[in-house]
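**Student:** Here it is, the structure in full.
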Amino acid sequence: MSVLLAVQGLGKSFRGLRAVNDVSFDIREREIVGLIGPNGAGKTTAINLISGAIRPTSGVVRFRGADVTGMPAHRLARLGLIRTFQATNVYAGKTVFENVYVGTFSSRPSGFWPSLLLTAAFRREREQTRSRIEALLEDLGLRDLADTPAADLPYGYQKMLGLATALAGKPKLIMLDEPAAGLSAEEADLISVLIGRVRDQGVSVLVVDHNMRFMAKICNRMVVLHHGMELTSGPTADVVRDPRVLEAYLGTEHSVA
Amino acid sequence: MALLLDSDDAPSARWRPLARWAAWAAAAAALLAFPLAAGGFLTHTATLVLLTVIGAAGFHLILRVGLVSLGHAAFAGIGGYTSVILMMTFGLPWIVCFVAGGVSAAALALLVGPIVLRLKGVYFVLITFTFGEILRLIFNDWQSMTGGANGISHIPPPWPALMDTRAYYYLALFAAGAAILFCARLLASDFGRKMDAIRESESLAEANGIPVFAVKVIVFAIGCTLAGLQGSLQAHFIRLISPLAYSFQESLNFLVMNVVGGSNSLVGPIVGTVFLVALPEFLRGWVEYQFIIYGVILVVVMAALPGGLVELWQRACRWITSLSTRSGR
Amino acid sequence: MFTFAILSQIALNGITLSAIYILVALGFTLIFGVMRIVNFAHGEFAMLGGFALSFFYVSLGLHFLVALPIAAVAVGAFSLVLERVVYRRFYQREMPGMIASLGVSIALMYGGVALWGTHQRSIPSAFSAVYTIGPIFVTAERVVVIGVCLVSLALFYLVLRFTRIGLAMRVVAEDRITAEAQGIDTVATYRFAFFISTAMAALAGGLIGQLFSLSPFMGLMPLVKAFIVVILGGLGGILGAAIGGLVLGLGESFVSTFYGASAAQFISFGLIIAILLFRPQGLVGRKEG
């Protein structure tokens, strides 16, 4: 299996404070990698650095062999690296269908004039996109909600819609920031099944979460961050038994309490 | 027409095609017949409404990516002064001047846009306000070119036949119609969908592969171009320009039109413009209170009716439908 | 030719302007810092202050130094009505709040036109003495302006630094969520901040009416100055407003003396554009995040 994403020596400091320091890991094709760590470990910052939302102060990010360090997020999305967010994952004012339609932009020709002038080629292509969206919504059980405004959806469905929108961009690698946060146990299970199916369709997944139980279930490998540094990494089975990982989690639990 | 306004979010507009065509035709006929029925003063006012709609639609486009530009009137000023100076000082034919009015506003927007668009929210408002004031100072101080505070008067119409207000009405109607159709088509296209995505969440739009910054620059340039074209048409209609006509208050008027009419659809600025120009007609004898009422309306709309008059209309429609379905049972 | 006398005369004029600008800008920045509202009606409260002063000082014949604080308090009290009816609906919502404040601005401005007409009027000079300190002429009027500003700035600082409500304002400005969690009465804090802000604007308006002239449209100038000052100093900061006001007042005074008033305007506008682009947090502000 070839390496899809290679992160080397990634670092970011804010006003002299090191939020992420010298983090390195790989993601191969058809692999689910977990980025875990207690709250404030720098997980979201790491995703922001990789996805181009903020520029790293040090390190190199390679995606499909090309150096993409600091590349703007919209160009990465077109290359096939798409992320979701912890909070805002839907366009609240748009319907479910329109949300996913926006998601397709990164996988479609982006010409300004064909869409404005409604050329025959454009309409053909849009018809295909439409049936692709319908299939995707069907697949995720959102079909009946296609015309519902995203703002009216229950929270769990909004999370699902965010995932659908990201998938509509035909990613090679999808990065999910806390996909199960705030969900009930059943909903979280549903999401984990879904992530497995996404992988089976040939998409690699990077998941960020601090919920060990959820992560242990879905990840092939894990990278553990603590205070912005890489604590350890390896196959899930090894990482969950690592006493240092347990200590990092318990340590913060204590300090929080 | 149906093809021109084709849009994916059509389920809301489930008119029968025939009724839709009939409505469009009736509206077009009414607009075409208006000057024949109305007197000179009303035609003059209607012409002003049509011209203002062009600038208001430009403002609307910028608003649709979540930005408020208080320098909008100054871009109308760029178009107006460019067009008038080229015609009166350099004797160029009107159509060249008109195009130059739009091009100059576009060029300036493309020059300034990439710089000012680095700012968001209230900071963007402040910088466009400042930029507009700088332009107004230039109009005011560049005596030899712009005629200073007195401006330029005795501006010739595009061609002699357009001295007649009715004739100018048709020019304005054509221009406004073209501008509105262009904006409607733009907003219904994929590009328009990208604009709306940006307004809802910039970071999500960026993550979904939309080049947020580039889209904003293009929208800003298009919006300012429309302002420039309006400035040119208006200058040759009123036949007088002065810095006063392009001040911050005029930009504010564009904002009021959009907000009062409704900032979620292109119908908003059209309704808002008609309303704001027509309001004084209803408030005859109350002229001195007119602006007080504008202010109050602005506050009330922001507090209670974020979708503007368009939303009020939609609510009323829904209320009537619910009444009729209830009584039908 | 640029003798010490001329330069210090210009500096004195500059400091007078600075004092007024700081007074206006402090209130403006306070409302933004605490409520996150860019109050476009700020200049209109200055305008109201001018007319209130004219009423208490000219019509009722009170002493100038008595009429001035009464006028400020009267405007502050009136502004609380607007706070209750309008502004409170828009706290922490930057864009809608800004647009609504534009509405208030228009309504107050033309309310002024309906009440007082559009012609410019003046407030007769309260102090006519002229002192000479070495080669410089100092009118008593300017001494009063600077004095009033210094006293109110000192009061403002003391309230903010040493009272409970001042502490509350600072905490709310810093982090509203935490402030609410700590049990700070945010509504009372907002109301107080609003009162102080508009009262300071009204004081400034009275002084502007005394130095220059009075009209319903006079609010635009202080508003624009407040913009420039807070951009120079960073939106939401107190020290920044003071430094920004000094830079603007002195800068304007020197540039307009030597190069004319419109040059001064060009430079100040050019300066804010440069600052907004390269240091949006202002010259003395610190970067967020």
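Numbering starts fresh at 1 for the residues of each chain in the structure tokens, the chains themselves are lettered A, B, ... in the order given, and ligands are numbered from 1 as they appear.
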Identify, on the basis of only C-alpha atoms, every residue whose closest approach to Tyr81 of chain B does not exceed 12 Å; exclude the query and any residue fewer than 2 positions from it along the same chain; express the result as a PyMOL selection string.
**Tutor:** chain B and resi 74-79+83-89+97-98+100-102+104-105+135-136+138-140+142+145-148+151-153+155+228-236+239-243+245-246
**Student:** For C-alpha atoms, I'd like the residues from the last selection saved as an mmCIF file, in the first residue's frame.
**Tutor:**
data_model
loop_
_atom_site.group_PDB
_atom_site.id
_atom_site.type_symbol
_atom_site.label_atom_id
_atom_site.label_comp_id
_atom_site.auth_asym_id
_atom_site.auth_seq_id
_atom_site.Cartn_x
_atom_site.Cartn_y
_atom_site.Cartn_z
ATOM 1 C CA ALA B 74 -17.961 56.336 -4.674
ATOM 2 C CA PHE B 75 -17.636 53.670 -7.364
ATOM 3 C CA ALA B 76 -20.775 55.082 -8.968
ATOM 4 C CA GLY B 77 -18.936 58.385 -8.801
ATOM 5 C CA ILE B 78 -15.920 56.928 -10.610
ATOM 6 C CA GLY B 79 -18.212 55.743 -13.398
ATOM 7 C CA SER B 83 -17.997 59.049 -18.444
ATOM 8 C CA VAL B 84 -18.789 62.756 -18.183
ATOM 9 C CA ILE B 85 -15.168 63.920 -18.423
ATOM 10 C CA LEU B 86 -14.460 61.688 -21.435
ATOM 11 C CA MET B 87 -17.528 63.036 -23.174
ATOM 12 C CA MET B 88 -17.252 66.736 -22.312
ATOM 13 C CA THR B 89 -13.497 67.225 -22.224
ATOM 14 C CA CYS B 97 -17.836 56.858 -22.320
ATOM 15 C CA PHE B 98 -20.508 54.581 -20.886
ATOM 16 C CA ALA B 100 -15.364 53.401 -19.893
ATOM 17 C CA GLY B 101 -17.465 54.305 -16.842
ATOM 18 C CA GLY B 102 -18.007 50.635 -16.106
ATOM 19 C CA SER B 104 -12.894 52.300 -14.760
ATOM 20 C CA ALA B 105 -14.979 51.207 -11.774
ATOM 21 C CA LEU B 135 -12.545 59.177 -3.523
ATOM 22 C CA ARG B 136 -15.042 61.861 -2.544
ATOM 23 C CA ILE B 138 -10.532 63.557 -4.839
ATOM 24 C CA PHE B 139 -13.769 64.488 -6.628
ATOM 25 C CA ASN B 140 -13.910 67.545 -4.415
ATOM 26 C CA TRP B 142 -9.315 67.875 -8.254
ATOM 27 C CA MET B 145 -10.939 67.859 -13.816
ATOM 28 C CA THR B 146 -14.035 67.502 -11.657
ATOM 29 C CA GLY B 147 -15.142 71.077 -11.144
ATOM 30 C CA GLY B 148 -14.595 70.793 -7.401
ATOM 31 C CA GLY B 151 -19.285 69.570 -9.829
ATOM 32 C CA ILE B 152 -20.060 69.592 -13.527
ATOM 33 C CA SER B 153 -23.342 70.841 -14.941
ATOM 34 C CA ILE B 155 -23.934 67.407 -19.069
ATOM 35 C CA GLY B 228 -20.034 52.535 -12.253
ATOM 36 C CA LEU B 229 -22.508 51.907 -15.062
ATOM 37 C CA GLN B 230 -25.299 53.349 -12.949
ATOM 38 C CA GLY B 231 -23.158 56.392 -12.187
ATOM 39 C CA SER B 232 -22.635 57.008 -15.889
ATOM 40 C CA LEU B 233 -26.303 56.597 -16.851
ATOM 41 C CA GLN B 234 -27.462 58.731 -13.953
ATOM 42 C CA ALA B 235 -25.022 61.567 -14.674
ATOM 43 C CA HIS B 236 -26.261 61.881 -18.257
ATOM 44 C CA ARG B 239 -27.132 66.193 -16.287
ATOM 45 C CA LEU B 240 -25.298 67.351 -13.180
ATOM 46 C CA ILE B 241 -22.736 65.648 -10.976
ATOM 47 C CA SER B 242 -21.115 66.802 -7.768
ATOM 48 C CA PRO B 243 -19.196 65.074 -4.968
ATOM 49 C CA ALA B 245 -24.083 62.736 -4.905
ATOM 50 C CA TYR B 246 -21.420 60.120 -4.121
#
**Student:** Taking only residues of chain B that have an atom at most 9 Å from an atom of chain C, what is each one's shortest atom pair and its distance in Å to one decimal, using only C-alpha atoms, in chain and number order, as a tab-separated table?
**Tutor:**
residue	atom	partner	partner_atom	distance
B:Val68	CA	C:Met95	CA	8.8
B:Ile115	CA	C:Leu277	CA	7.4
B:Val116	CA	C:Leu277	CA	7.4
B:Arg118	CA	C:Leu277	CA	7.5
B:Leu119	CA	C:Leu277	CA	7.5
B:Gly121	CA	C:Met95	CA	7.1
B:Val122	CA	C:Met95	CA	6.9
B:Tyr123	CA	C:Leu276	CA	7.6
B:Leu126	CA	C:Phe227	CA	7.6
B:Ile127	CA	C:Ile273	CA	6.4
B:Thr130	CA	C:Phe269	CA	6.2
B:Phe131	CA	C:Phe269	CA	7.6
B:Glu133	CA	C:Phe269	CA	8.0
B:Ile134	CA	C:Phe266	CA	6.6
B:Leu137	CA	C:Ser262	CA	7.5
B:Ile138	CA	C:Phe266	CA	8.9
B:Asp141	CA	C:Ser262	CA	7.8
B:Leu252	CA	C:Leu102	CA	8.2
B:Leu255	CA	C:Ile99	CA	8.4
B:Val256	CA	C:Ile99	CA	8.5
B:Val259	CA	C:Ile99	CA	8.6
B:Glu288	CA	C:Ala114	CA	6.2
B:Tyr289	CA	C:Ala114	CA	7.1
B:Gln290	CA	C:Tyr110	CA	8.4
B:Phe291	CA	C:Tyr110	CA	6.1
B:Ile292	CA	C:Ala107	CA	4.0
B:Ile293	CA	C:Ala107	CA	6.9
B:Tyr294	CA	C:Gly103	CA	7.2
B:Gly295	CA	C:Gly103	CA	3.9
B:Val296	CA	C:Gly103	CA	6.1
B:Ile297	CA	C:Gly103	CA	7.5
B:Leu298	CA	C:Gly103	CA	5.2
B:Val299	CA	C:Ala100	CA	4.7
B:Val300	CA	C:Ala100	CA	8.1
B:Val301	CA	C:Ala100	CA	8.6
B:Met302	CA	C:Ala100	CA	6.1
B:Ala303	CA	C:Arg89	CA	6.8
B:Pro306	CA	C:Pro96	CA	8.7
**Student:** Name the residues of segment 114-213 of chain A that come out as strand (DSSP E or B) in a backbone DSSP run; write them as a list in words.
**Tutor:**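 Strand (DSSP E or B) assignments inside segment 114-213 of chain A correspond to Pro149, Leu173, Ile174, Met175, Leu176, Asp177, Ser204, Val205, Leu206, Val207 and Val208 of chain A.
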**Student:** Output the selection as a tab-separated table (two decimals), in the first residue's frame - N, CA and C atoms for each residue.
**Tutor:**
chain	number	residue	atom	x	y	z
A	149	PRO	N	-34.36	22.25	5.05
A	149	PRO	CA	-33.23	23.14	5.37
A	149	PRO	C	-32.34	22.51	6.44
A	173	LEU	N	-8.56	11.37	0.64
A	173	LEU	CA	-8.34	11.33	2.09
A	173	LEU	C	-9.31	12.29	2.73
A	174	ILE	N	-10.01	11.80	3.74
A	174	ILE	CA	-10.97	12.67	4.43
A	174	ILE	C	-10.53	12.81	5.88
A	175	MET	N	-10.53	14.04	6.38
A	175	MET	CA	-10.09	14.27	7.76
A	175	MET	C	-11.31	14.71	8.58
A	176	LEU	N	-11.64	13.93	9.60
A	176	LEU	CA	-12.85	14.19	10.36
A	176	LEU	C	-12.48	14.71	11.74
A	177	ASP	N	-12.92	15.93	12.06
A	177	ASP	CA	-12.62	16.51	13.37
A	177	ASP	C	-13.79	16.23	14.32
A	204	SER	N	-9.09	6.96	2.25
A	204	SER	CA	-8.40	6.92	3.54
A	204	SER	C	-9.04	7.92	4.49
A	205	VAL	N	-8.93	7.63	5.79
A	205	VAL	CA	-9.60	8.49	6.77
A	205	VAL	C	-8.63	8.85	7.89
A	206	LEU	N	-8.59	10.13	8.24
A	206	LEU	CA	-7.90	10.56	9.46
A	206	LEU	C	-8.97	11.08	10.41
A	207	VAL	N	-9.08	10.43	11.57
A	207	VAL	CA	-10.11	10.82	12.53
A	207	VAL	C	-9.45	11.47	13.74
A	208	VAL	N	-10.00	12.58	14.16
A	208	VAL	CA	-9.53	13.21	15.39
A	208	VAL	C	-10.60	13.07	16.44
**Student:** Distance cut-off 6 Å, counting only C-alpha atoms - which residues of chain B neighbour chain A? Return them as a CSV table (one decimal) with all heavy atoms, in the first residue's frame.
**Tutor:**
chain,number,residue,atom,x,y,z
B,189,SER,N,-26.6,30.5,-10.9
B,189,SER,CA,-25.6,29.6,-11.4
B,189,SER,C,-24.7,29.0,-10.3
B,189,SER,O,-24.9,29.3,-9.1
B,189,SER,CB,-24.6,30.4,-12.3
B,189,SER,OG,-23.7,31.2,-11.6
B,190,ASP,N,-23.9,28.1,-10.7
B,190,ASP,CA,-23.0,27.5,-9.7
B,190,ASP,C,-22.2,28.5,-8.9
B,190,ASP,O,-21.9,28.4,-7.7
B,190,ASP,CB,-22.0,26.5,-10.3
B,190,ASP,CG,-22.7,25.2,-10.6
B,190,ASP,OD1,-23.9,25.0,-10.3
B,190,ASP,OD2,-22.0,24.2,-11.0
B,200,GLU,N,-22.5,31.9,4.2
B,200,GLU,CA,-22.9,31.1,5.4
B,200,GLU,C,-21.7,30.6,6.2
B,200,GLU,O,-21.8,30.7,7.5
B,200,GLU,CB,-23.7,29.8,4.9
B,200,GLU,CG,-25.0,30.2,4.2
B,200,GLU,CD,-26.1,29.4,4.8
B,200,GLU,OE1,-26.0,28.9,5.9
B,200,GLU,OE2,-27.2,29.3,4.1
B,206,GLU,N,-14.3,27.1,2.0
B,206,GLU,CA,-12.9,26.9,1.6
B,206,GLU,C,-12.6,25.4,1.6
B,206,GLU,O,-12.0,24.9,0.7
B,206,GLU,CB,-12.0,27.7,2.5
B,206,GLU,CG,-10.5,27.6,2.3
B,206,GLU,CD,-10.0,28.5,1.2
B,206,GLU,OE1,-10.7,29.5,0.9
B,206,GLU,OE2,-9.0,28.2,0.6
B,207,ALA,N,-13.0,24.7,2.7
B,207,ALA,CA,-12.8,23.3,2.8
B,207,ALA,C,-13.5,22.5,1.8
B,207,ALA,O,-13.1,21.4,1.4
B,207,ALA,CB,-13.2,22.8,4.2
B,208,ASN,N,-14.6,23.0,1.2
B,208,ASN,CA,-15.3,22.3,0.2
B,208,ASN,C,-14.8,22.7,-1.2
B,208,ASN,O,-15.4,22.4,-2.2
B,208,ASN,CB,-16.8,22.6,0.2
B,208,ASN,CG,-17.5,21.9,1.4
B,208,ASN,OD1,-18.4,22.4,2.0
B,208,ASN,ND2,-17.0,20.7,1.7
B,209,GLY,N,-13.6,23.3,-1.3
B,209,GLY,CA,-12.9,23.5,-2.5
B,209,GLY,C,-13.3,24.8,-3.2
B,209,GLY,O,-13.1,25.0,-4.4
B,210,ILE,N,-14.0,25.7,-2.5
B,210,ILE,CA,-14.3,27.0,-3.1
B,210,ILE,C,-13.2,28.0,-2.8
B,210,ILE,O,-12.9,28.3,-1.7
B,210,ILE,CB,-15.7,27.5,-2.5
B,210,ILE,CG1,-16.8,26.5,-2.9
B,210,ILE,CG2,-16.0,28.9,-3.1
B,210,ILE,CD1,-18.1,26.8,-2.2
B,211,PRO,N,-12.7,28.6,-3.9
B,211,PRO,CA,-11.6,29.6,-3.7
B,211,PRO,C,-12.2,30.9,-3.2
B,211,PRO,O,-12.5,31.8,-3.9
B,211,PRO,CB,-11.0,29.8,-5.1
B,211,PRO,CG,-12.0,29.4,-6.0
B,211,PRO,CD,-12.9,28.4,-5.3
**Student:** When you count only C-alpha atoms, which of these residues is closest to chain C: A:Arg244, A:Arg15, A:Lys170, A:Arg199?
**Tutor:**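 Answer, going by the shortest atom-to-atom distance: A:Arg15.
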**Student:** Rounded to one decimal place, report the atom CA of Ala214 of chain B-atom CA of Ile62 of chain B distance in Å.
**Tutor:**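 Going from atom CA of Ala214 of chain B over to atom CA of Ile62 of chain B, I get 13.1 Å.
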**Student:** Ranking B:His154, B:His72, B:His60, B:Arg193 by minimum distance to Ile180 of chain B and counting only C-alpha atoms, which one comes first?
**Tutor:** B:His60
**Student:** Write out as a list in words which residues come within 10 Å of Val34 of chain C when counting only C-alpha atoms, dropping same-chain ones fewer than 3 positions away.
**Tutor:** Thr29, Leu30, Ile31, Ile37, Tyr91, Gln92, Ala168, Met169, Arg170, Val171, Val172, Ala173, Glu174, Asp175, Arg176, Thr186, Thr189, Tyr190, Ala193, Phe194 and Gly236 of chain C
**Student:** Filtering to C-alpha atoms, could you give me those residues as a PDB file, in the first residue's frame?
**Tutor:**
ATOM      1  CA  THR C  29     -14.437  52.101  21.546  1.00  0.00           C
ATOM      2  CA  LEU C  30     -16.083  51.319  24.902  1.00  0.00           C
ATOM      3  CA  ILE C  31     -19.354  50.347  23.209  1.00  0.00           C
ATOM      4  CA  ILE C  37     -21.466  47.218  18.315  1.00  0.00           C
ATOM      5  CA  TYR C  91     -25.652  43.168  21.530  1.00  0.00           C
ATOM      6  CA  GLN C  92     -22.881  40.821  20.387  1.00  0.00           C
ATOM      7  CA  ALA C 168     -17.357  44.438  35.363  1.00  0.00           C
ATOM      8  CA  MET C 169     -16.987  46.385  32.121  1.00  0.00           C
ATOM      9  CA  ARG C 170     -13.408  45.260  31.723  1.00  0.00           C
ATOM     10  CA  VAL C 171     -14.289  41.642  32.388  1.00  0.00           C
ATOM     11  CA  VAL C 172     -17.228  41.686  29.974  1.00  0.00           C
ATOM     12  CA  ALA C 173     -15.047  43.264  27.296  1.00  0.00           C
ATOM     13  CA  GLU C 174     -12.403  40.597  27.834  1.00  0.00           C
ATOM     14  CA  ASP C 175     -14.631  37.526  27.895  1.00  0.00           C
ATOM     15  CA  ARG C 176     -18.408  37.817  28.082  1.00  0.00           C
ATOM     16  CA  THR C 186     -24.195  41.961  32.058  1.00  0.00           C
ATOM     17  CA  THR C 189     -22.954  46.610  32.796  1.00  0.00           C
ATOM     18  CA  TYR C 190     -24.121  47.259  29.253  1.00  0.00           C
ATOM     19  CA  ALA C 193     -21.196  51.458  29.567  1.00  0.00           C
ATOM     20  CA  PHE C 194     -23.754  52.882  27.165  1.00  0.00           C
ATOM     21  CA  GLY C 236     -11.776  48.177  21.830  1.00  0.00           C
TER      22      GLY C 236
END
**Student:** Between atom CA of Cys149 of chain C and atom CA of Gly50 of chain C, measure the distance and give it in Å to one decimal.
**Tutor:**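 The value is 15.2 Å.
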**Student:** Per DSSP on the backbone, what are the helix (DSSP H, G or I) residues of segment 8-224 of chain A, as a VMD selection string?
**Tutor:** chain A and resid 43 to 51 73 to 79 96 to 107 112 to 117 120 to 140 143 to 145 150 to 152 155 to 168 185 to 200 212 to 218
**Student:** Looking at only C-alpha atoms, which of A:Leu4, A:Val33, A:Met212, A:Ala19 is the one that sits closest to Asn48 of chain A?
**Tutor:**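 Among the listed residues, the smallest separation from Asn48 of chain A belongs to A:Ala19.
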**Student:** Go through A:Leu49, A:Val193, A:Ile54, A:Ala6 one by one, measure the shortest atom-to-atom distance of each to chain C using only C-alpha atoms, and give the residue with the smallest value.
**Tutor:** A:Ile54
**Student:** Using only C-alpha atoms, which protein or nucleic acid residues come within 8 Å of Glu141 of chain C? Drop anything in the same chain fewer than 6 positions from it, and give the result as a list of chain:residue names.
**Tutor:**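 In the requested form, the answer reads C:Ser125, C:Ala126, C:Phe127, C:Ser128, C:Ala129, C:Leu211.
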**Student:** Would you save the residues from that selection as a JSON list (two decimals), in the first residue's frame, using N, CA and C atoms?
**Tutor:**
[["chain", "number", "residue", "atom", "x", "y", "z"],
["C", 125, "SER", "N", -19.23, 82.40, 23.10],
["C", 125, "SER", "CA", -18.04, 82.08, 23.88],
["C", 125, "SER", "C", -18.30, 82.32, 25.36],
["C", 126, "ALA", "N", -17.93, 81.35, 26.18],
["C", 126, "ALA", "CA", -18.17, 81.49, 27.61],
["C", 126, "ALA", "C", -17.00, 82.20, 28.28],
["C", 127, "PHE", "N", -15.82, 82.05, 27.68],
["C", 127, "PHE", "CA", -14.63, 82.63, 28.30],
["C", 127, "PHE", "C", -13.89, 83.44, 27.25],
["C", 128, "SER", "N", -13.60, 84.68, 27.57],
["C", 128, "SER", "CA", -13.00, 85.52, 26.54],
["C", 128, "SER", "C", -11.55, 85.87, 26.85],
["C", 129, "ALA", "N", -11.09, 85.53, 28.04],
["C", 129, "ALA", "CA", -9.72, 85.91, 28.42],
["C", 129, "ALA", "C", -8.68, 85.27, 27.51],
["C", 211, "LEU", "N", -16.39, 75.52, 20.25],
["C", 211, "LEU", "CA", -15.21, 75.89, 19.46],
["C", 211, "LEU", "C", -15.57, 76.19, 18.01]]
**Student:** Would you please work out which residue, of A:Tyr155, A:Phe122, A:Tyr249, A:Phe14, is nearest to chain C when using only C-alpha atoms?
**Tutor:**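 Checking each of A:Tyr155, A:Phe122, A:Tyr249, A:Phe14 against chain C, counting only C-alpha atoms, the winner is A:Phe14.
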**Student:** Can you pull out the residues contacting Thr16 of chain C? Cut-off 8 Å, using only C-alpha atoms, and skip same-chain residues under 2 positions away; I want them as a short mmCIF file (atom, residue, chain, number, x, y, z; two decimals) with N, CA and C atoms, in the first residue's frame.
**Tutor:**
data_model
loop_
_atom_site.label_atom_id
_atom_site.label_comp_id
_atom_site.auth_asym_id
_atom_site.auth_seq_id
_atom_site.Cartn_x
_atom_site.Cartn_y
_atom_site.Cartn_z
N LEU C 12 -0.37 73.41 20.52
CA LEU C 12 -1.46 73.66 21.46
C LEU C 12 -2.82 73.42 20.78
N ASN C 13 -2.95 73.94 19.55
CA ASN C 13 -4.19 73.67 18.81
C ASN C 13 -4.40 72.17 18.66
N GLY C 14 -3.30 71.48 18.34
CA GLY C 14 -3.37 70.04 18.14
C GLY C 14 -3.82 69.32 19.40
N SER C 18 -6.93 66.95 19.97
CA SER C 18 -6.69 65.61 20.51
C SER C 18 -7.63 65.33 21.67
N ALA C 19 -7.73 66.32 22.58
CA ALA C 19 -8.54 66.11 23.77
C ALA C 19 -9.98 65.76 23.38
N ILE C 20 -10.52 66.51 22.40
CA ILE C 20 -11.90 66.24 21.97
C ILE C 20 -11.99 64.87 21.28
N ARG C 142 -9.69 77.48 25.22
CA ARG C 142 -8.93 76.25 24.99
C ARG C 142 -8.52 75.61 26.31
N VAL C 145 -11.46 73.67 27.42
CA VAL C 145 -11.64 72.44 26.65
C VAL C 145 -10.69 71.37 27.13
N ILE C 146 -9.41 71.73 27.21
CA ILE C 146 -8.42 70.74 27.63
C ILE C 146 -8.69 70.30 29.06
N GLY C 249 -4.84 64.26 16.45
CA GLY C 249 -5.03 65.69 16.73
C GLY C 249 -3.78 66.50 16.37
#
**Student:** Rounded to one decimal, what separation in Å do you get between atom CA of Gly156 of chain A and atom CA of Ser192 of chain A?
**Tutor:**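 Separation of atom CA of Gly156 of chain A and atom CA of Ser192 of chain A: 13.0 Å.
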**Student:** Which of these residues is nearest to Ile70 of chain C, using only C-alpha atoms: C:Gly43, C:Gly166, C:Gly206, C:Gly219?
**Tutor:** C:Gly206
